[in-house]
file entry21.json (JSON, C-alpha atoms)
[["chain", "number", "residue", "atom", "x", "y", "z"],
["B", 1409, "MET", "CA", 77.68, 102.80, 129.20],
["B", 1410, "GLU", "CA", 80.72, 104.90, 130.00],
["B", 1411, "ARG", "CA", 81.82, 107.17, 127.12],
["B", 1412, "ILE", "CA", 85.01, 109.03, 126.38],
["B", 1413, "PRO", "CA", 84.28, 112.74, 125.86],
["B", 1414, "ILE", "CA", 85.13, 114.40, 122.56],
["B", 1415, "LEU", "CA", 85.89, 118.12, 122.71],
["B", 1416, "LYS", "CA", 85.63, 120.46, 119.76],
["B", 1417, "LEU", "CA", 88.12, 123.29, 119.37],
["B", 1418, "LYS", "CA", 87.74, 125.35, 116.17],
["B", 1419, "ASN", "CA", 88.27, 122.88, 113.31],
["B", 1420, "PHE", "CA", 89.51, 120.11, 115.52],
["B", 1421, "LEU", "CA", 88.27, 117.39, 117.82],
["B", 1422, "ILE", "CA", 90.31, 116.56, 120.90],
["B", 1423, "ILE", "CA", 90.11, 113.28, 122.74],
["B", 1424, "SER", "CA", 92.10, 112.28, 125.78],
["B", 1425, "ILE", "CA", 92.01, 108.66, 126.86],
["B", 1426, "GLN", "CA", 92.69, 108.98, 130.57],
["B", 1427, "THR", "CA", 92.29, 105.47, 131.91],
["B", 1428, "ASP", "CA", 92.65, 101.90, 130.78],
["B", 1429, "ILE", "CA", 89.37, 101.06, 129.07],
["B", 1430, "HIS", "CA", 87.73, 97.91, 127.88],
["B", 1431, "ASP", "CA", 87.08, 96.84, 124.30],
["B", 1432, "MET", "CA", 83.49, 98.03, 124.09],
["B", 1433, "ILE", "CA", 84.31, 101.60, 125.12],
["B", 1434, "ILE", "CA", 87.03, 101.98, 122.51],
["B", 1435, "LYS", "CA", 84.65, 100.61, 119.86],
["B", 1436, "ILE", "CA", 82.02, 103.17, 120.91],
["B", 1437, "LEU", "CA", 84.68, 105.89, 120.77],
["B", 1438, "GLN", "CA", 85.51, 104.87, 117.21],
["B", 1439, "GLU", "CA", 81.92, 105.40, 116.13],
["B", 1440, "ASP", "CA", 81.55, 108.60, 118.17],
["B", 1441, "ILE", "CA", 84.62, 110.12, 116.49],
["B", 1442, "LEU", "CA", 83.25, 109.44, 113.01],
["B", 1443, "ASN", "CA", 79.80, 110.79, 113.87],
["B", 1444, "LYS", "CA", 81.29, 113.87, 115.49],
["B", 1445, "ILE", "CA", 83.47, 114.59, 112.42],
["B", 1446, "ILE", "CA", 80.34, 114.64, 110.24],
["B", 1447, "GLU", "CA", 78.31, 116.62, 112.78],
["B", 1448, "THR", "CA", 80.92, 119.34, 113.42],
["B", 1449, "HIS", "CA", 82.68, 119.33, 110.01],
["B", 1450, "ALA", "CA", 85.93, 118.86, 111.92],
["B", 1451, "ARG", "CA", 88.99, 118.57, 109.71],
["B", 1452, "GLY", "CA", 91.38, 117.15, 112.25],
["B", 1453, "VAL", "CA", 91.32, 114.90, 115.30],
["B", 1454, "LEU", "CA", 93.86, 114.69, 118.12],
["B", 1455, "ILE", "CA", 93.79, 111.54, 120.22],
["B", 1456, "ASP", "CA", 96.01, 111.77, 123.28],
["B", 1457, "VAL", "CA", 97.06, 108.46, 124.84],
["B", 1458, "SER", "CA", 99.81, 109.75, 127.12],
["B", 1459, "ALA", "CA", 97.97, 108.52, 130.22],
["B", 1460, "LEU", "CA", 97.80, 104.95, 128.89],
["B", 1461, "ASP", "CA", 100.43, 102.58, 130.24],
["B", 1462, "ILE", "CA", 99.16, 99.73, 128.11],
["B", 1463, "MET", "CA", 97.87, 99.39, 124.58],
["B", 1464, "ASP", "CA", 97.21, 95.88, 123.41],
["B", 1465, "SER", "CA", 96.64, 94.74, 119.84],
["B", 1466, "PHE", "CA", 92.91, 95.34, 120.00],
["B", 1467, "MET", "CA", 93.18, 98.91, 121.21],
["B", 1468, "ALA", "CA", 96.04, 99.78, 118.86],
["B", 1469, "ARG", "CA", 94.25, 98.28, 115.90],
["B", 1470, "THR", "CA", 91.01, 100.06, 116.75],
["B", 1471, "LEU", "CA", 92.86, 103.39, 117.00],
["B", 1472, "ARG", "CA", 94.63, 102.77, 113.72],
["B", 1473, "ASP", "CA", 91.37, 101.79, 112.00],
["B", 1474, "SER", "CA", 89.69, 104.89, 113.44],
["B", 1475, "ALA", "CA", 92.40, 107.04, 111.88],
["B", 1476, "ILE", "CA", 91.96, 105.36, 108.49],
["B", 1477, "MET", "CA", 88.15, 105.61, 108.70],
["B", 1478, "ALA", "CA", 88.37, 109.29, 109.65],
["B", 1479, "GLY", "CA", 90.58, 109.78, 106.59],
["B", 1480, "LEU", "CA", 87.88, 108.26, 104.40],
["B", 1481, "ILE", "CA", 85.39, 110.85, 105.58],
["B", 1482, "GLY", "CA", 87.85, 113.70, 105.18],
["B", 1483, "ALA", "CA", 89.54, 114.29, 108.53],
["B", 1484, "LYS", "CA", 93.16, 113.86, 109.57],
["B", 1485, "VAL", "CA", 94.02, 112.08, 112.80],
["B", 1486, "VAL", "CA", 97.13, 112.44, 114.94],
["B", 1487, "VAL", "CA", 97.70, 110.10, 117.89],
["B", 1488, "THR", "CA", 99.81, 111.80, 120.55],
["B", 1489, "GLY", "CA", 101.83, 110.73, 123.56],
["B", 1490, "ILE", "CA", 102.40, 107.00, 123.03],
["B", 1491, "GLN", "CA", 104.63, 106.02, 125.95],
["B", 1492, "PRO", "CA", 108.05, 104.48, 125.13],
["B", 1493, "ALA", "CA", 107.25, 101.16, 126.85],
["B", 1494, "VAL", "CA", 104.00, 100.98, 124.89],
["B", 1495, "ALA", "CA", 105.82, 101.69, 121.60],
["B", 1496, "ILE", "CA", 108.38, 98.93, 122.30],
["B", 1497, "THR", "CA", 105.64, 96.46, 123.18],
["B", 1498, "LEU", "CA", 103.51, 97.24, 120.12],
["B", 1499, "ILE", "CA", 106.41, 96.68, 117.74],
["B", 1500, "GLU", "CA", 107.43, 93.39, 119.38],
["B", 1501, "LEU", "CA", 103.82, 92.29, 119.28],
["B", 1502, "GLY", "CA", 103.96, 92.92, 115.54],
["B", 1503, "LEU", "CA", 101.47, 95.73, 115.16],
["B", 1504, "LYS", "CA", 102.18, 98.30, 112.52],
["B", 1505, "MET", "CA", 100.89, 101.82, 113.05],
["B", 1506, "ASN", "CA", 102.57, 103.25, 109.97],
["B", 1507, "GLN", "CA", 99.37, 104.58, 108.41],
["B", 1508, "VAL", "CA", 98.86, 106.77, 111.46],
["B", 1509, "TYR", "CA", 100.35, 110.20, 112.15],
["B", 1510, "THR", "CA", 101.85, 110.40, 115.60],
["B", 1511, "ALA", "CA", 103.43, 113.10, 117.76],
["B", 1512, "ASN", "CA", 104.99, 113.04, 121.18],
["B", 1513, "ASN", "CA", 102.66, 115.65, 122.66],
["B", 1514, "LEU", "CA", 99.52, 117.65, 121.95],
["B", 1515, "ASP", "CA", 101.42, 120.79, 120.89],
["B", 1516, "HIS", "CA", 103.34, 118.91, 118.26],
["B", 1517, "GLY", "CA", 100.22, 117.01, 117.21],
["B", 1518, "PHE", "CA", 98.41, 120.30, 116.74],
["B", 1519, "GLU", "CA", 101.23, 121.59, 114.51],
["B", 1520, "ILE", "CA", 101.12, 118.45, 112.38],
["B", 1521, "LEU", "CA", 97.35, 118.77, 111.92],
["B", 1522, "ASN", "CA", 97.71, 122.39, 110.86],
["B", 1523, "GLU", "CA", 100.38, 121.48, 108.33],
["B", 1524, "LEU", "CA", 98.34, 118.60, 106.91],
["B", 1525, "ILE", "CA", 95.30, 120.81, 106.49],
["B", 1526, "THR", "CA", 97.27, 123.67, 104.92],
["B", 1527, "GLU", "CA", 98.77, 121.19, 102.49],
["B", 1528, "GLU", "CA", 95.34, 119.82, 101.62],
["B", 1529, "ASP", "CA", 93.90, 123.31, 101.04],
["B", 1530, "PHE", "CA", 96.83, 124.14, 98.80],
["B", 1531, "LYS", "CA", 96.27, 121.00, 96.71],
["B", 1532, "ASN", "CA", 92.56, 121.74, 96.45],
["B", 1533, "LYS", "CA", 93.26, 125.20, 95.07],
["B", 1534, "LEU", "CA", 95.43, 123.86, 92.25],
["J", 871, "MET", "CA", 103.47, 85.13, 146.23],
["J", 872, "MET", "CA", 100.44, 83.98, 144.22],
["J", 873, "GLN", "CA", 97.33, 85.61, 142.85],
["J", 874, "THR", "CA", 94.39, 84.71, 140.64],
["J", 875, "VAL", "CA", 91.99, 86.64, 138.42],
["J", 876, "THR", "CA", 88.77, 85.20, 137.04],
["J", 877, "ILE", "CA", 87.91, 86.06, 133.44],
["J", 878, "GLN", "CA", 84.22, 86.07, 132.67],
["J", 879, "ASP", "CA", 83.38, 89.41, 131.16],
["J", 880, "GLU", "CA", 85.10, 92.07, 129.07],
["J", 881, "GLY", "CA", 85.94, 94.21, 132.13],
["J", 882, "ASP", "CA", 87.94, 91.31, 133.54],
["J", 883, "ILE", "CA", 90.45, 91.70, 130.69],
["J", 884, "VAL", "CA", 91.18, 95.21, 131.98],
["J", 885, "GLU", "CA", 91.30, 93.90, 135.55],
["J", 886, "ALA", "CA", 93.69, 91.08, 134.57],
["J", 887, "ARG", "CA", 96.21, 93.42, 132.93],
["J", 888, "ARG", "CA", 96.06, 95.78, 135.92],
["J", 889, "VAL", "CA", 96.61, 92.98, 138.45],
["J", 890, "VAL", "CA", 99.43, 91.49, 136.34],
["J", 891, "ARG", "CA", 101.17, 94.85, 136.01],
["J", 892, "ASP", "CA", 100.97, 95.45, 139.77],
["J", 893, "PHE", "CA", 102.26, 91.94, 140.44],
["J", 894, "ALA", "CA", 105.21, 92.42, 138.04],
["J", 895, "LYS", "CA", 105.96, 95.83, 139.52],
["J", 896, "GLU", "CA", 105.86, 94.42, 143.04],
["J", 897, "MET", "CA", 108.32, 91.71, 141.97],
["J", 898, "GLY", "CA", 110.72, 94.37, 140.73],
["J", 899, "PHE", "CA", 110.32, 94.20, 136.94],
["J", 900, "GLY", "CA", 111.13, 97.40, 135.05],
["J", 901, "ILE", "CA", 108.53, 99.46, 133.22],
["J", 902, "VAL", "CA", 109.11, 97.89, 129.77],
["J", 903, "ASP", "CA", 108.84, 94.34, 131.12],
["J", 904, "GLN", "CA", 105.76, 95.27, 133.16],
["J", 905, "THR", "CA", 104.16, 96.59, 129.97],
["J", 906, "LYS", "CA", 105.10, 93.50, 127.98],
["J", 907, "ILE", "CA", 103.74, 91.08, 130.59],
["J", 908, "ALA", "CA", 100.54, 93.12, 131.02],
["J", 909, "THR", "CA", 100.06, 93.26, 127.23],
["J", 910, "ALA", "CA", 100.65, 89.51, 126.83],
["J", 911, "THR", "CA", 98.07, 89.01, 129.58],
["J", 912, "SER", "CA", 95.59, 91.20, 127.79],
["J", 913, "GLU", "CA", 95.95, 89.19, 124.58],
["J", 914, "LEU", "CA", 95.60, 85.82, 126.33],
["J", 915, "ALA", "CA", 92.76, 86.93, 128.62],
["J", 916, "ARG", "CA", 90.90, 88.19, 125.56],
["J", 917, "ASN", "CA", 91.36, 84.78, 123.89],
["J", 918, "ILE", "CA", 89.79, 83.16, 126.96],
["J", 919, "PHE", "CA", 86.86, 85.57, 126.88],
["J", 920, "ARG", "CA", 86.31, 85.28, 123.11],
["J", 921, "TYR", "CA", 86.76, 81.56, 122.63],
["J", 922, "ALA", "CA", 85.95, 79.96, 125.99],
["J", 923, "GLY", "CA", 83.70, 82.55, 127.65],
["J", 924, "LYS", "CA", 85.39, 82.15, 131.00],
["J", 925, "GLY", "CA", 88.59, 81.03, 132.59],
["J", 926, "LEU", "CA", 91.27, 81.76, 135.12],
["J", 927, "VAL", "CA", 94.59, 83.60, 135.28],
["J", 928, "GLU", "CA", 97.01, 82.47, 137.95],
["J", 929, "LEU", "CA", 100.16, 84.42, 138.78],
["J", 930, "GLN", "CA", 103.23, 83.00, 140.45],
["J", 931, "ASP", "CA", 106.47, 84.47, 141.69],
["J", 932, "VAL", "CA", 109.00, 81.80, 140.68],
["J", 933, "LEU", "CA", 112.26, 81.58, 142.59],
["J", 934, "SER", "CA", 114.45, 79.51, 140.34],
["J", 935, "PRO", "CA", 114.97, 80.67, 137.67],
["J", 936, "HIS", "CA", 113.73, 83.91, 139.15],
["J", 937, "GLY", "CA", 110.78, 85.29, 137.23],
["J", 938, "MET", "CA", 107.06, 85.57, 136.87],
["J", 939, "ARG", "CA", 104.79, 82.85, 135.60],
["J", 940, "ALA", "CA", 101.21, 83.35, 134.48],
["J", 941, "ILE", "CA", 98.89, 80.45, 133.73],
["J", 942, "PHE", "CA", 95.79, 81.04, 131.61],
["J", 943, "SER", "CA", 93.34, 78.16, 131.77],
["J", 944, "ASP", "CA", 89.88, 77.61, 130.39],
["J", 945, "GLU", "CA", 87.47, 74.80, 129.65],
["J", 946, "GLY", "CA", 86.60, 76.09, 126.20],
["J", 947, "PRO", "CA", 86.68, 74.40, 122.80],
["J", 948, "GLY", "CA", 90.47, 73.97, 122.84],
["J", 949, "ILE", "CA", 92.92, 74.35, 119.99],
["J", 950, "GLU", "CA", 92.83, 71.65, 117.28],
["J", 951, "ASN", "CA", 96.38, 72.12, 116.11],
["J", 952, "VAL", "CA", 98.68, 73.98, 118.49],
["J", 953, "SER", "CA", 101.67, 74.19, 116.13],
["J", 954, "LEU", "CA", 99.40, 75.65, 113.42],
["J", 955, "ALA", "CA", 98.03, 78.19, 115.93],
["J", 956, "MET", "CA", 101.60, 79.23, 116.67],
["J", 957, "GLN", "CA", 102.26, 80.12, 113.03],
["J", 958, "GLU", "CA", 102.52, 83.77, 112.09],
["J", 959, "GLY", "CA", 99.28, 85.12, 110.68],
["J", 960, "PHE", "CA", 97.17, 82.10, 111.59],
["J", 961, "THR", "CA", 93.62, 82.79, 112.71],
["J", 962, "THR", "CA", 90.35, 80.90, 112.99],
["J", 963, "THR", "CA", 88.33, 84.09, 113.19],
["J", 964, "GLN", "CA", 87.40, 86.12, 110.13],
["J", 965, "GLY", "CA", 88.57, 89.69, 110.73],
["J", 966, "SER", "CA", 90.45, 88.52, 113.78],
["J", 967, "LEU", "CA", 91.06, 91.10, 116.47],
["J", 968, "GLY", "CA", 94.38, 90.03, 117.88],
["J", 969, "LEU", "CA", 97.79, 89.35, 116.44],
["J", 970, "GLY", "CA", 97.57, 85.77, 117.45],
["J", 971, "LEU", "CA", 99.80, 83.72, 119.65],
["J", 972, "PRO", "CA", 103.17, 84.40, 117.93],
["J", 973, "GLY", "CA", 102.89, 88.11, 118.78],
["J", 974, "THR", "CA", 102.21, 87.29, 122.40],
["J", 975, "GLN", "CA", 105.09, 84.84, 122.51],
["J", 976, "ARG", "CA", 107.52, 87.56, 121.46],
["J", 977, "LEU", "CA", 106.65, 89.54, 124.59],
["J", 978, "VAL", "CA", 107.73, 86.83, 127.02],
["J", 979, "ASP", "CA", 110.70, 84.49, 127.48],
["J", 980, "GLU", "CA", 108.74, 81.25, 127.35],
["J", 981, "MET", "CA", 105.28, 80.26, 126.25],
["J", 982, "LYS", "CA", 103.80, 76.80, 126.44],
["J", 983, "ILE", "CA", 100.38, 75.70, 125.26],
["J", 984, "GLU", "CA", 98.57, 72.57, 126.36],
["J", 985, "SER", "CA", 95.23, 72.02, 124.72],
["J", 986, "THR", "CA", 92.73, 69.23, 124.31],
["J", 987, "PRO", "CA", 89.94, 69.84, 121.79],
["J", 988, "GLY", "CA", 86.61, 69.82, 123.59],
["J", 989, "LYS", "CA", 88.27, 70.00, 127.01],
["J", 990, "GLY", "CA", 90.09, 73.30, 127.22],
["J", 991, "THR", "CA", 93.35, 75.16, 126.92],
["J", 992, "LYS", "CA", 96.16, 76.08, 129.23],
["J", 993, "VAL", "CA", 98.72, 78.69, 128.22],
["J", 994, "ILE", "CA", 101.72, 79.21, 130.45],
["J", 995, "ILE", "CA", 103.98, 82.21, 130.02],
["J", 996, "PHE", "CA", 107.18, 83.01, 131.84],
["J", 997, "LYS", "CA", 109.16, 86.23, 132.06],
["J", 998, "LYS", "CA", 112.66, 86.02, 133.48],
["J", 999, "MET", "CA", 113.78, 88.61, 135.99],
["J", 1000, "PRO", "CA", 116.68, 90.42, 134.30]]
call {"tool": "encode", "arguments": {"input": "entry21.json", "output": "structure tokens"}}
result
Amino acid sequence: MERIPILKLKNFLIISIQTDIHDMIIKILQEDILNKIIETHARGVLIDVSALDIMDSFMARTLRDSAIMAGLIGAKVVVTGIQPAVAITLIELGLKMNQVYTANNLDHGFEILNELITEEDFKNKL
Amino acid sequence: MMQTVTIQDEGDIVEARRVVRDFAKEMGFGIVDQTKIATATSELARNIFRYAGKGLVELQDVLSPHGMRAIFSDEGPGIENVSLAMQEGFTTTQGSLGLGLPGTQRLVDEMKIESTPGKGTKVIIFKKMP
């Protein structure tokens, strides 16, 4: 079965979804992300979807759930690069992604992750 | 112009949305409409795969009123109560994966459902050319 690669860079995991994929592969990715967070002690995950020209309810929901699940095991997730046409379609479809951090590109996503982690460290010190 | 896609495995859902996007693009729809039609297709093709196992998507370039029609047909269990299925939040599946038919309807200009329990379902969507 085809798998989407997960790269590790310092404290972070980076995933780029490059092509339109079917349901099974995104489900496997969800599990792979969670396992990799535990294995590498990653504190943040960047998922770039800028190459995707379609995101239906299943894919969007799986991504959103992945972000929430990652949060439960202690990692922050930022989804980057949602295309405008995809954003319009998701909202009309009725899917809410408001529990998920988003950014328009990887650079910005990286900044958000750093801020979230700094904030968390600060809280933990108090 | 006419085209068909057979739905019988999960990969066909991906194939259906790709074919539909190309068809819409070829017809001259803009990027947002292409995305909406392809997404509606994905939702309906997944319903076919999940509930009926297999079925067919048929695409038509309609001249008057100018637009694109897609017909999703299957010989699955059918929908008992179509108006109930069209209600927001309705689902027959525990932990349902989609947003149901109302979400899909919002992406197109017209959606019609014909269903006979035990015989199958036909969903027809239409997107007007702006």
call {"tool": "closest_residue", "arguments": {"input": "entry21.json", "among": "B:Phe1466, B:Tyr1509, B:Phe1518, B:Phe1530", "to": "B:Asn1419", "atoms": "only C-alpha atoms"}}
result
B:Phe1518
call {"tool": "interface_residues", "arguments": {"input": "entry21.json", "of": "chain J", "to": "chain B", "cutoff": "10 Å", "atoms": "only C-alpha atoms", "output": "MDAnalysis selection string"}}
result
chainID J and resid 880:885 887:888 891 900:913 916 958 966:977
call {"tool": "residues_around", "arguments": {"input": "entry21.json", "residues": "B:Thr1526", "least_positions_apart": "5", "cutoff": "12 Å", "atoms": "all atoms listed in the file", "output": "list in words"}}
result
Arg1451, Gly1452, Lys1484, Glu1519, Ile1520, Leu1521, Lys1531, Asn1532 and Lys1533 of chain B
call {"tool": "atom_distance", "arguments": {"input": "entry21.json", "atom1": "atom CA of B:Glu1523", "atom2": "atom CA of B:Glu1447"}}
result
23.0 Å
call {"tool": "residues_around", "arguments": {"input": "entry21.json", "residues": "B:Gln1426", "least_positions_apart": "5", "cutoff": "10 Å", "atoms": "all atoms listed in the file", "output": "list in words"}}
result
Ile1412, Asp1456, Val1457, Ser1458, Ala1459 and Leu1460 of chain B
call {"tool": "atom_distance", "arguments": {"input": "entry21.json", "atom1": "atom CA of J:Pro987", "atom2": "atom CA of J:Gln957"}}
result
18.3 Å
call {"tool": "atom_distance", "arguments": {"input": "entry21.json", "atom1": "atom CA of B:Gly1517", "atom2": "atom CA of B:Thr1427"}}
result
20.3 Å
call {"tool": "closest_residue", "arguments": {"input": "entry21.json", "among": "B:Met1505, B:Ile1455, B:Leu1415, B:Ile1422", "to": "B:Ile1434", "atoms": "only C-alpha atoms"}}
result
B:Ile1455
call {"tool": "residues_around", "arguments": {"input": "entry21.json", "residues": "stretch 931-943 of chain J", "least_positions_apart": "6", "cutoff": "10 Å", "atoms": "all atoms listed in the file", "output": "number ranges by chain"}}
result
J: 871-877, 890, 893-894, 897-899, 907, 910-911, 914-915, 917-918, 922, 924-925, 978-985, 990-1000
call {"tool": "axis_aligned_box", "arguments": {"input": "entry21.json", "around": "stretch 1450-1469 of chain B", "padding_each_side": "8 Å", "output": "lines of an AutoDock Vina configuration file"}}
result
center_x = 93.2
center_y = 106.8
center_z = 120.0
size_x = 30.5
size_y = 40.1
size_z = 36.5
call {"tool": "closest_residue", "arguments": {"input": "entry21.json", "among": "J:Asn951, J:Glu945, J:Ala886, J:Gly988", "to": "J:Gly923", "atoms": "only C-alpha atoms"}}
result
J:Glu945
